[in-house]
>>> print(open('start20.cif').read())   # mmCIF, C-alpha atoms
data_entry
#
loop_
_atom_site.label_atom_id
_atom_site.label_comp_id
_atom_site.auth_asym_id
_atom_site.auth_seq_id
_atom_site.Cartn_x
_atom_site.Cartn_y
_atom_site.Cartn_z
CA MET A 24 0.00 0.00 0.00
CA ASN A 25 1.35 3.41 -0.97
CA LYS A 26 1.56 6.24 1.50
CA TYR A 27 -0.35 9.43 0.98
CA THR A 28 1.24 12.87 0.78
CA LEU A 29 0.06 15.63 3.11
CA GLU A 30 -0.90 19.14 2.02
CA LEU A 31 -1.86 21.71 4.66
CA SER A 32 -3.87 24.83 3.90
CA LYS A 33 -2.65 28.25 5.01
CA SER A 34 -5.35 28.41 7.69
CA SER A 35 -4.24 25.01 9.06
CA LEU A 36 -0.64 26.14 9.26
CA ARG A 37 -1.65 29.39 10.97
CA PHE A 38 -3.67 27.47 13.55
CA LEU A 39 -0.76 25.15 14.32
CA GLN A 40 1.62 28.10 14.69
CA LYS A 41 -0.52 29.84 17.29
CA CYS A 42 -1.71 26.88 19.39
CA ASP A 43 0.13 25.60 22.46
CA ARG A 44 2.84 22.94 22.24
CA VAL A 45 0.78 20.04 23.69
CA THR A 46 -2.18 20.66 21.37
CA LYS A 47 0.16 21.04 18.39
CA GLU A 48 1.84 17.69 19.15
CA ARG A 49 -1.50 15.89 19.50
CA ILE A 50 -2.78 17.27 16.20
CA ILE A 51 0.47 16.56 14.35
CA ASN A 52 0.48 12.95 15.63
CA VAL A 53 -3.05 12.44 14.28
CA ILE A 54 -2.17 14.02 10.93
CA HIS A 55 0.88 11.77 10.54
CA ALA A 56 -1.24 8.71 11.36
CA LEU A 57 -3.56 9.63 8.48
CA VAL A 58 -0.74 9.06 5.99
CA GLU A 59 -0.85 5.31 6.66
CA ASN A 60 -4.59 4.89 6.06
CA PRO A 61 -6.82 7.96 5.93
CA TYR A 62 -10.07 5.98 5.68
CA SER A 63 -9.89 3.79 8.76
CA TYR A 64 -8.28 6.09 11.29
CA PHE A 65 -10.13 5.81 14.61
CA GLY A 66 -12.72 8.57 14.89
CA SER A 67 -12.62 9.58 11.24
CA ILE A 68 -16.12 10.44 10.00
CA LYS A 69 -17.16 11.25 6.43
CA LEU A 70 -19.02 14.55 6.16
CA ILE A 71 -22.42 14.26 4.51
CA GLY A 72 -22.87 16.38 1.40
CA TYR A 73 -19.17 16.55 0.52
CA GLU A 74 -17.13 14.30 -1.71
CA ASN A 75 -14.24 12.57 0.09
CA VAL A 76 -14.24 15.09 2.96
CA TYR A 77 -13.72 13.74 6.48
CA ARG A 78 -13.28 15.06 9.99
CA ILE A 79 -11.40 13.90 13.04
CA ARG A 80 -11.93 15.12 16.57
CA VAL A 81 -8.84 15.94 18.64
CA GLY A 82 -10.10 17.17 22.00
CA LYS A 83 -12.13 20.32 21.38
CA TYR A 84 -10.63 20.77 17.91
CA ARG A 85 -11.58 19.33 14.54
CA ILE A 86 -9.39 18.45 11.57
CA ILE A 87 -11.20 18.65 8.23
CA TYR A 88 -9.45 16.86 5.38
CA GLN A 89 -10.11 15.73 1.83
CA ILE A 90 -8.69 12.56 0.29
CA GLN A 91 -7.59 12.54 -3.35
CA ASP A 92 -7.07 8.85 -4.11
CA GLU A 93 -5.97 9.28 -7.71
CA LYS A 94 -3.03 11.46 -6.60
CA LEU A 95 -2.51 9.87 -3.14
CA ILE A 96 -2.91 13.25 -1.43
CA ILE A 97 -4.51 14.16 1.87
CA ASN A 98 -5.42 17.83 1.86
CA ILE A 99 -5.84 19.20 5.39
CA GLN A 100 -8.39 21.92 4.69
CA ASP A 101 -8.89 23.34 8.17
CA ILE A 102 -8.08 22.85 11.84
CA ASN A 103 -10.08 24.81 14.38
CA SER A 104 -12.47 24.59 17.30
CA ARG A 105 -15.75 22.80 16.80
CA GLY A 106 -17.76 26.01 16.62
CA ASP A 107 -15.60 27.64 13.96
CA VAL A 108 -14.36 24.86 11.69
CA TYR A 109 -17.67 24.11 9.96
CA LYS A 110 -18.35 27.77 9.12
CA ARG A 111 -15.64 27.74 6.44
CA LEU A 112 -16.76 24.64 4.54
#
>>> encode(input="start20.cif", output="structure tokens")
Amino acid sequence: MNKYTLELSKSSLRFLQKCDRVTKERIINVIHALVENPYSYFGSIKLIGYENVYRIRVGKYRIIYQIQDEKLIINIQDINSRGDVYKRL
């Protein structure tokens, strides 16, 4: 099985830069685990109404990502608190 490549949006990078060290490490560990198998990661839920868009809960934060199978890319679209992350979809 081939590994996927990660792409992070500007908003995701900004969020990681301003969050505390412990939260950043937790989120980065989850993102790196997605590379192995983005479909069956524990807690990964497909969002209804979107094509290949999933979310993962990390504490009070959500990671929204899209899987592009043909290119083996995982595009991290947004990372934010539960109340804010869905407003930008």
>>> residues_around(input="start20.cif", residues="Arg85 in chain A", least_positions_apart="6", cutoff="10 Å", atoms="only C-alpha atoms", output="NGL selection string")
:A and (50 or 78-79 or 101-109)
>>> axis_aligned_box(input="start20.cif", around="range 75-84 of chain A", padding_each_side="3 Å", output="lines of an AutoDock Vina configuration file")
center_x = -11.5
center_y = 16.7
center_z = 11.0
size_x = 11.4
size_y = 14.2
size_z = 27.9
>>> residues_around(input="start20.cif", residues="range 30-46 of chain A", least_positions_apart="2", cutoff="6 Å", atoms="only C-alpha atoms", output="ChimeraX atom specification")
/A:48-49,98-102
>>> resolve_selection(input="start20.cif", expression="the PyMOL selection byres ((chain A and resi 64) around 12)", output="ChimeraX atom specification")
/A:52-63,65-69,77-80
>>> closest_residue(input="start20.cif", among="A:Lys83, A:Asp92, A:Val76, A:Lys47", to="Leu112 in chain A", atoms="all atoms listed in the file")
A:Val76
>>> atom_distance(input="start20.cif", atom1="CA of Gly82 in chain A", atom2="CA of Ile97 in chain A")
21.1 Å
>>> atom_distance(input="start20.cif", atom1="CA of Lys26 in chain A", atom2="CA of Glu74 in chain A")
20.6 Å
>>> atom_distance(input="start20.cif", atom1="CA of Glu93 in chain A", atom2="CA of Lys110 in chain A")
27.9 Å
>>> closest_residue(input="start20.cif", among="A:Leu95, A:Leu29, A:Arg111, A:Gln89", to="Leu70 in chain A", atoms="only C-alpha atoms")
A:Gln89
